[in-house]
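Below is one structure; the comments refer to it alone.
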Amino acid sequence: MAKGEGAEGGSAAGLLPTGILPAAERPAQVKEPKKKQQLSICNKLCYAVGGAPYQVTGCALGFFLQIYLLDVAQVDPFSASIILFVGRAWDAFTDPLVGFCISKSSWTRLGRLMPWIIFSTPLAIIAYFLIWFVPDFPQGQALWYLLFYCLFETLVTCFHVPYSALTMFISTEQSERDSATAYRMTVEVMGTVLGTAIQGQIVGQADTPCLQDPADSALAMEGANRTQSTTSLRETQNAYLLAAGVIASIYVICAVILTLGVREQREPYETQQAEPISFFRGLRLVMGYGPYVKLIAGFLFTSLAFMLVEGNFALFCTYTLGFRNEFQNLLLAIMLSATFTIPIWQWFLTRFGKKTAVNIGISSAVPFLILVAFMESNLIVTYVVAVAAGISVAAAFLLPWSMLPDVIDDFHLKQPQFHGTEPIFFSFYVFFTKFASGVSLGISTLSLDFAGYQSRGCSQPAHVKFTLKMLVTIAPIALILLGLLLFTLYPIDEEKRRQNKKALQALREEASSSGCSDTDSTELASIL
């Protein structure tokens with residue numbers, strides 16, 4: 001009888017999955033090391049291409065919308081300033097709004113972020129094309145451009161915020177995310193070059209000659225408008241529409257490649273432990289999280305520095321240095337230099353750490369800005385400075401997006417019971433970046449107005465030239481130094497990153513083991 005009972009017990013044990021046996025009766029298992037989740041080069045390229053639409057359209061709007069409104073659509077300057085200011089303010093506001101909506105989204109067969117990218121794309125390209133269309137009703141033109149400019153900024157935010165947050169969902173490996181981010185930054189810089197080249201080459205004939213006597217600018221403008229043929233103006237308008245069509249096509253192609261080439265992945269521990277969190281509670285947690293606040297504060301000042309240079313670069317080259325016809329070439333030199341040096345910075349940050357890369361990369365611009373501040377106008381030296389500035393711009397492009405996932409990982413370890421905060425992290429970082437852009441635009445415009453800037457003049461007073469030099473050199477240097485000082489308080493170094501990586505890996509393995517136990521229980525129910 002005892003023998004029979006033992007045999008029966010052994011037979012039953014053989015039928016049951018090992019996961020539900022008592023610990024003493026489970027056979028010893030050898031735990032196989034889990035393979036690293038690696039992204040192929042094709043996956044990284046498909047992910048990187050998704051960053052091009054935002055940069056191509058943003059560059060075209062940033063450099064050419066103002067001159068288009070004034071000289072092609074012939075909107076009055078006051079209305080044009082309202083369109084540009086309200087458009088930028090609305091653009092900044094939509095980032096946290098879209099982040100809130102994404103945080104409330106549910107996971108679908110396509111993921112949680114991909115549906116936003118897919119469905120916003122066709123509407124965005126329609127709105128973008130209509131920005132560059134001149135309607136036949138002159139009385140409502142300002143409202144037309146304000147409406148479609150704000151609409152496009154909303155739709156491109158619905159693309160860019162989930163795309164930025166997608167960094168956290170393409171891989172669970174920090175090294176793979178950093179590598180994909182380097183690919184992305186390279187493509188985004190190339191997108192900036194592409195946007196400048198396409199818009200500049202196609203609509204180059206839209207440039208308006210300067211006025212020799214700015215004091216008589218109103219009379220001169222009236223004469224110019226009388227002598228300009230309707231045919232010539234229509235050709236210029238068509239050139240802008242052609243450029244918009246080309247850029248819109250690039251937008252669609254990049255969105256299709258991103259959708260087909262990238263698969264959104266969910267963290268295994270998120271499905272086991274996490275609970276939904278309200279947006280405002282998540283916002284309080286995110287904005288009260290020390291490493292995130294220190295990171296965005298440091299990059300807020302450094303971003304403001306580079307945006308001051310970017311926003312005033314054309315005027316500085318034209319009036320202070322006297323290189324009216326070299327602006328596009330100098331800009332191309334900066335962007336090409338940044339494109340080629342992003343892979344070098346990616347290697348540098350993996351070899352020496354991200355904080356070291358930040359300190360060296362961003363501070364490398366300071367000596368060259370000092371050189372520009374004190375040198376006389378020299379074209380060769382200006383090209384050398386442009387190439388050197390591109391090296392620092394590459395670091396400013398790459399490092400924020402490479403460091404932000406580390407902050408989110410650290411947050412998840414401290415608050416593992418919450419999920420869905422990734423869009424809040426990314427949307428508010430984009431919000432503060434755009435806030436810096438708006439501040440730089442306001443500071444520059446007010447400073448030049450106080451200095452006596454003369455619109456469309458062939459030359460400017462000495463006060464204006466001095467103000468431009470301050471905006472492009474001294475002010476950015478002070479902001480860079482302040483930002484680097486804040487980075488010294490940033491607590492996540494390489495040792496902390498390694499600890500977080502091990503802890504996250506343990507969480508994932510624990511979640512996977514829990515998932516296996518659930519499967520075993522299901523099998524037992526089927527047997528019974």
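Starting from 1 in every chain, residues are counted up; chains themselves are A, B, ... following the order of the structure tokens, and ligands are numbered from 1 as listed.
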Any idea what's packed within 12 Å of Ile83 (chain A), counting only C-alpha atoms, ignoring anything in its chain fewer than 3 positions away? Could you give it as a list of chain:residue names?
->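 So the residues in contact are A:Leu65, A:Gln66, A:Leu69, A:Leu70, A:Val75, A:Asp76, A:Pro77, A:Phe78, A:Ser79, A:Ala80, A:Val86, A:Gly87, A:Arg88, A:Ala89, A:Trp90, A:Asp91, A:Ile131, A:Gln141, A:Ala142, A:Leu143, A:Trp144, A:Tyr145, A:Leu146, A:Leu147, A:Phe148, A:Tyr149, A:Cys150.
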Could you dump the residues just selected with N, CA, C and O atoms as a short mmCIF file (atom, residue, chain, number, x, y, z; two decimals), in the first residue's frame?
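Once written, part-v9.cif looks like this:
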data_model
loop_
_atom_site.label_atom_id
_atom_site.label_comp_id
_atom_site.auth_asym_id
_atom_site.auth_seq_id
_atom_site.Cartn_x
_atom_site.Cartn_y
_atom_site.Cartn_z
N LEU A 65 9.47 81.57 -42.42
CA LEU A 65 8.08 81.99 -42.26
C LEU A 65 7.94 83.49 -42.13
O LEU A 65 7.02 84.10 -42.68
N GLN A 66 8.85 84.12 -41.42
CA GLN A 66 8.76 85.56 -41.21
C GLN A 66 8.86 86.32 -42.52
O GLN A 66 8.03 87.19 -42.83
N LEU A 69 5.70 85.77 -44.66
CA LEU A 69 4.53 86.54 -44.25
C LEU A 69 4.65 88.00 -44.68
O LEU A 69 3.67 88.61 -45.14
N LEU A 70 5.83 88.56 -44.55
CA LEU A 70 6.01 89.98 -44.83
C LEU A 70 6.11 90.28 -46.32
O LEU A 70 5.49 91.24 -46.81
N VAL A 75 1.49 90.27 -45.36
CA VAL A 75 0.81 90.54 -44.10
C VAL A 75 1.51 91.72 -43.43
O VAL A 75 2.74 91.83 -43.48
N ASP A 76 0.76 92.60 -42.80
CA ASP A 76 1.40 93.75 -42.16
C ASP A 76 2.27 93.28 -40.99
O ASP A 76 2.00 92.24 -40.38
N PRO A 77 3.34 94.02 -40.67
CA PRO A 77 4.30 93.56 -39.66
C PRO A 77 3.69 93.27 -38.29
O PRO A 77 4.09 92.31 -37.64
N PHE A 78 2.72 94.08 -37.86
CA PHE A 78 2.12 93.84 -36.54
C PHE A 78 1.39 92.50 -36.53
O PHE A 78 1.54 91.71 -35.59
N SER A 79 0.60 92.23 -37.56
CA SER A 79 -0.12 90.95 -37.63
C SER A 79 0.86 89.78 -37.73
O SER A 79 0.64 88.71 -37.14
N ALA A 80 1.95 89.98 -38.48
CA ALA A 80 2.95 88.92 -38.60
C ALA A 80 3.58 88.61 -37.24
O ALA A 80 3.81 87.44 -36.91
N VAL A 86 2.05 84.11 -31.08
CA VAL A 86 0.97 83.23 -30.62
C VAL A 86 1.25 81.79 -31.06
O VAL A 86 1.00 80.84 -30.30
N GLY A 87 1.79 81.62 -32.26
CA GLY A 87 2.11 80.28 -32.74
C GLY A 87 3.13 79.59 -31.86
O GLY A 87 2.97 78.41 -31.51
N ARG A 88 4.16 80.31 -31.45
CA ARG A 88 5.18 79.71 -30.57
C ARG A 88 4.63 79.45 -29.17
O ARG A 88 4.94 78.41 -28.56
N ALA A 89 3.83 80.38 -28.67
CA ALA A 89 3.24 80.16 -27.34
C ALA A 89 2.31 78.95 -27.35
O ALA A 89 2.33 78.13 -26.43
N TRP A 90 1.49 78.83 -28.39
CA TRP A 90 0.59 77.69 -28.49
C TRP A 90 1.37 76.39 -28.65
O TRP A 90 1.01 75.36 -28.09
N ASP A 91 2.45 76.45 -29.40
CA ASP A 91 3.29 75.27 -29.60
C ASP A 91 3.83 74.76 -28.27
O ASP A 91 3.84 73.55 -28.00
N ILE A 131 -0.19 76.44 -44.73
CA ILE A 131 0.56 77.57 -44.18
C ILE A 131 1.21 78.37 -45.31
O ILE A 131 1.30 79.60 -45.25
N GLN A 141 -6.39 87.19 -44.07
CA GLN A 141 -5.15 86.44 -44.21
C GLN A 141 -4.49 86.16 -42.86
O GLN A 141 -3.99 85.05 -42.63
N ALA A 142 -4.46 87.15 -42.00
CA ALA A 142 -3.80 86.97 -40.70
C ALA A 142 -4.46 85.85 -39.92
O ALA A 142 -3.78 85.00 -39.32
N LEU A 143 -5.79 85.81 -39.93
CA LEU A 143 -6.50 84.74 -39.23
C LEU A 143 -6.21 83.38 -39.87
O LEU A 143 -6.08 82.37 -39.17
N TRP A 144 -6.13 83.35 -41.20
CA TRP A 144 -5.82 82.11 -41.93
C TRP A 144 -4.49 81.54 -41.47
O TRP A 144 -4.39 80.35 -41.10
N TYR A 145 -3.44 82.37 -41.47
CA TYR A 145 -2.10 81.88 -41.12
C TYR A 145 -2.01 81.53 -39.64
O TYR A 145 -1.34 80.56 -39.26
N LEU A 146 -2.68 82.31 -38.79
CA LEU A 146 -2.67 82.00 -37.36
C LEU A 146 -3.35 80.65 -37.10
O LEU A 146 -2.83 79.83 -36.32
N LEU A 147 -4.48 80.41 -37.77
CA LEU A 147 -5.21 79.17 -37.58
C LEU A 147 -4.39 77.96 -38.01
O LEU A 147 -4.22 77.00 -37.24
N PHE A 148 -3.84 77.99 -39.23
CA PHE A 148 -3.14 76.81 -39.73
C PHE A 148 -1.75 76.66 -39.12
O PHE A 148 -1.24 75.54 -39.02
N TYR A 149 -1.15 77.76 -38.69
CA TYR A 149 0.13 77.65 -37.99
C TYR A 149 -0.07 76.95 -36.64
O TYR A 149 0.66 76.02 -36.29
N CYS A 150 -1.09 77.38 -35.88
CA CYS A 150 -1.37 76.73 -34.59
C CYS A 150 -1.83 75.29 -34.78
O CYS A 150 -1.45 74.41 -34.00
#
Within 8 Å of Lys465 (chain A) using only C-alpha atoms, minus same-chain residues under 4 positions, as a PyMOL selection string | chain A and resi 316+319-320+460-461+469
Between CA of Val464 (chain A) and CA of Gly390 (chain A), measure the distance and give it in Å to one decimal.
-> 25.7 Å
Quick one: pull the distance between CA of Phe133 (chain A) and CA of Glu326 (chain A), Å, one decimal.
->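 According to the coordinates, CA of Phe133 (chain A) and CA of Glu326 (chain A) are separated by 28.8 Å.
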Please identify all polymer residues within 9 Å of region 348-358 of chain A, counting only C-alpha atoms, omitting same-chain residues fewer than 5 positions from it, and present them as a PyMOL selection string.
-> chain A and resi 175+178+343+363+395-396+399-400+402-403+484+487-488+490+492-494
Closest to Ile360 (chain A) among A:Leu308, A:Val407, A:Val189, A:Ala394, using only C-alpha atoms?
->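 Ranking A:Leu308, A:Val407, A:Val189, A:Ala394 by distance to Ile360 (chain A), first place goes to A:Ala394.
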Using only C-alpha atoms, the shortest atom-to-atom distance to Met190 (chain A) among A:Val256, A:Leu304, A:Ala52, A:Ile342 belongs to A:Ala52
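Ranking A:Leu300, A:Phe411, A:Trp107, A:Arg498 by their shortest atom-to-atom distance to Gly288 (chain A), with only C-alpha atoms included, puts A:Phe411 first.
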To one decimal in Å, tell me the separation between CA of Gln499 (chain A) and CA of His412 (chain A).
->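 Separation between CA of Gln499 (chain A) and CA of His412 (chain A): 13.2 Å.
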Between A:Leu481, A:Pro122, A:Phe129, A:Phe374, which is the closest to Phe466 (chain A) once you count only C-alpha atoms?
->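 Of the candidates, the smallest distance to Phe466 (chain A) is held by A:Phe374.
Proximity to Gly51 (chain A) was assessed for A:Gln346, A:Thr94, A:Ser103, A:Thr186 counting only C-alpha atoms; the smallest distance is recorded for A:Thr186.
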Close residues, Cys101 (chain A) itself excluded, 12 Å, only C-alpha atoms, min 4 positions apart in chain, as a PyMOL selection string = chain A and resi 94-97+105-106+112-113+116+157-158+161-162+278-280+420-421+423-424+427
Please dump the current selection as a compact mmCIF listing (two decimals), in the first residue's frame; keep all heavy atoms.
# COMPACT_ATOMS: atom_id res chain seq x y z
N THR A 94 0.97 73.09 -26.16
CA THR A 94 0.44 71.81 -26.61
C THR A 94 1.27 70.62 -26.15
O THR A 94 0.75 69.49 -26.10
CB THR A 94 0.33 71.77 -28.14
OG1 THR A 94 1.61 72.07 -28.71
CG2 THR A 94 -0.71 72.76 -28.64
N ASP A 95 2.53 70.81 -25.81
CA ASP A 95 3.37 69.68 -25.42
C ASP A 95 2.86 68.99 -24.15
O ASP A 95 2.63 67.78 -24.15
CB ASP A 95 4.82 70.13 -25.25
CG ASP A 95 5.47 70.42 -26.58
OD1 ASP A 95 5.68 69.48 -27.36
OD2 ASP A 95 5.75 71.59 -26.86
N PRO A 96 2.67 69.72 -23.02
CA PRO A 96 2.11 69.03 -21.85
C PRO A 96 0.68 68.57 -22.08
O PRO A 96 0.25 67.56 -21.51
CB PRO A 96 2.18 70.09 -20.74
CG PRO A 96 2.32 71.39 -21.44
CD PRO A 96 3.05 71.11 -22.71
N LEU A 97 -0.09 69.28 -22.93
CA LEU A 97 -1.46 68.86 -23.20
C LEU A 97 -1.47 67.51 -23.92
O LEU A 97 -2.23 66.60 -23.56
CB LEU A 97 -2.16 69.93 -24.05
CG LEU A 97 -3.62 69.64 -24.43
CD1 LEU A 97 -4.49 69.57 -23.19
CD2 LEU A 97 -4.14 70.71 -25.39
N SER A 105 -3.83 57.27 -22.64
CA SER A 105 -4.11 56.34 -23.73
C SER A 105 -3.90 54.90 -23.26
O SER A 105 -3.08 54.63 -22.38
CB SER A 105 -3.20 56.63 -24.93
OG SER A 105 -3.40 57.94 -25.40
N SER A 106 -4.63 54.00 -23.89
CA SER A 106 -4.51 52.58 -23.59
C SER A 106 -3.60 51.92 -24.62
O SER A 106 -3.43 52.42 -25.73
CB SER A 106 -5.88 51.91 -23.61
OG SER A 106 -6.75 52.51 -22.67
N ARG A 112 1.00 52.03 -27.63
CA ARG A 112 0.33 53.18 -27.04
C ARG A 112 0.72 54.49 -27.73
O ARG A 112 -0.05 55.45 -27.76
CB ARG A 112 0.66 53.28 -25.55
CG ARG A 112 -0.14 54.36 -24.84
CD ARG A 112 0.06 54.33 -23.35
NE ARG A 112 1.44 54.62 -22.97
CZ ARG A 112 1.85 54.77 -21.71
NH1 ARG A 112 0.99 54.63 -20.73
NH2 ARG A 112 3.10 55.01 -21.44
N LEU A 113 1.89 54.55 -28.33
CA LEU A 113 2.41 55.78 -28.93
C LEU A 113 2.22 55.81 -30.44
O LEU A 113 1.97 56.87 -31.02
CB LEU A 113 3.89 55.93 -28.60
CG LEU A 113 4.26 55.92 -27.11
CD1 LEU A 113 5.76 55.95 -26.92
CD2 LEU A 113 3.61 57.09 -26.38
N TRP A 116 -0.81 57.61 -32.27
CA TRP A 116 -0.71 59.07 -32.35
C TRP A 116 0.11 59.50 -33.56
O TRP A 116 -0.24 60.46 -34.26
CB TRP A 116 -0.08 59.62 -31.07
CG TRP A 116 -0.98 59.56 -29.89
CD1 TRP A 116 -1.21 58.47 -29.08
CD2 TRP A 116 -1.81 60.60 -29.39
NE1 TRP A 116 -2.11 58.78 -28.10
CE2 TRP A 116 -2.50 60.08 -28.25
CE3 TRP A 116 -2.03 61.92 -29.76
CZ2 TRP A 116 -3.40 60.85 -27.53
CZ3 TRP A 116 -2.91 62.68 -29.02
CH2 TRP A 116 -3.59 62.16 -27.92
N THR A 157 3.13 68.26 -32.81
CA THR A 157 3.37 67.86 -31.42
C THR A 157 2.81 66.47 -31.16
O THR A 157 3.42 65.66 -30.44
CB THR A 157 2.74 68.88 -30.46
OG1 THR A 157 3.35 70.17 -30.67
CG2 THR A 157 2.96 68.48 -29.01
N CYS A 158 1.64 66.18 -31.74
CA CYS A 158 1.06 64.82 -31.62
C CYS A 158 1.96 63.78 -32.27
O CYS A 158 1.84 62.58 -31.96
CB CYS A 158 -0.32 64.78 -32.27
SG CYS A 158 -1.57 65.74 -31.40
N VAL A 161 5.96 64.34 -29.66
CA VAL A 161 5.98 63.93 -28.24
C VAL A 161 5.95 62.41 -28.11
O VAL A 161 6.79 61.83 -27.41
CB VAL A 161 4.85 64.60 -27.45
CG1 VAL A 161 4.71 63.99 -26.07
CG2 VAL A 161 5.12 66.11 -27.32
N PRO A 162 5.02 61.70 -28.77
CA PRO A 162 5.09 60.23 -28.68
C PRO A 162 6.35 59.66 -29.31
O PRO A 162 6.87 58.65 -28.84
CB PRO A 162 3.82 59.76 -29.41
CG PRO A 162 3.37 60.92 -30.20
CD PRO A 162 3.82 62.14 -29.48
N SER A 278 -2.92 59.22 -12.38
CA SER A 278 -3.53 60.40 -12.99
C SER A 278 -2.44 61.34 -13.48
O SER A 278 -1.31 61.34 -12.98
CB SER A 278 -4.42 61.11 -11.97
OG SER A 278 -3.62 61.67 -10.93
N PHE A 279 -2.81 62.17 -14.47
CA PHE A 279 -1.81 63.07 -15.06
C PHE A 279 -1.27 64.04 -14.03
O PHE A 279 -0.07 64.27 -13.94
CB PHE A 279 -2.45 63.83 -16.23
CG PHE A 279 -1.54 64.87 -16.81
CD1 PHE A 279 -0.52 64.53 -17.68
CD2 PHE A 279 -1.69 66.21 -16.47
CE1 PHE A 279 0.32 65.50 -18.20
CE2 PHE A 279 -0.87 67.18 -16.99
CZ PHE A 279 0.15 66.82 -17.87
N PHE A 280 -2.15 64.65 -13.24
CA PHE A 280 -1.70 65.69 -12.31
C PHE A 280 -0.88 65.10 -11.17
O PHE A 280 0.08 65.73 -10.70
CB PHE A 280 -2.90 66.47 -11.79
CG PHE A 280 -3.59 67.28 -12.85
CD1 PHE A 280 -4.79 66.85 -13.39
CD2 PHE A 280 -3.01 68.44 -13.34
CE1 PHE A 280 -5.41 67.59 -14.39
CE2 PHE A 280 -3.63 69.18 -14.34
CZ PHE A 280 -4.83 68.75 -14.86
N GLY A 420 3.24 55.02 -17.08
CA GLY A 420 2.61 56.02 -17.94
C GLY A 420 3.16 57.42 -17.76
O GLY A 420 2.57 58.38 -18.27
N THR A 421 4.29 57.57 -17.07
CA THR A 421 4.85 58.90 -16.85
C THR A 421 5.83 59.31 -17.95
O THR A 421 6.26 60.46 -17.98
CB THR A 421 5.59 58.96 -15.51
OG1 THR A 421 6.59 57.93 -15.47
CG2 THR A 421 4.63 58.77 -14.36
N PRO A 423 5.51 59.97 -21.22
CA PRO A 423 5.13 61.16 -22.01
C PRO A 423 5.24 62.46 -21.22
O PRO A 423 5.52 63.51 -21.80
CB PRO A 423 3.67 60.87 -22.41
CG PRO A 423 3.56 59.38 -22.36
CD PRO A 423 4.44 58.96 -21.22
N ILE A 424 5.01 62.41 -19.89
CA ILE A 424 5.13 63.63 -19.09
C ILE A 424 6.58 64.08 -19.04
O ILE A 424 6.88 65.27 -19.21
CB ILE A 424 4.59 63.39 -17.67
CG1 ILE A 424 3.11 62.96 -17.71
CG2 ILE A 424 4.74 64.64 -16.81
CD1 ILE A 424 2.52 62.61 -16.36
N SER A 427 7.37 65.34 -22.72
CA SER A 427 6.62 66.51 -23.17
C SER A 427 7.05 67.76 -22.43
O SER A 427 7.13 68.84 -23.03
CB SER A 427 5.11 66.27 -22.99
OG SER A 427 4.78 66.12 -21.62
Option closest in space to Leu486 (chain A), from A:Met114, A:Val187, A:Ile41, A:Ile296 [counting only C-alpha atoms] =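 Closest to Leu486 (chain A), using only C-alpha atoms: A:Ile296.
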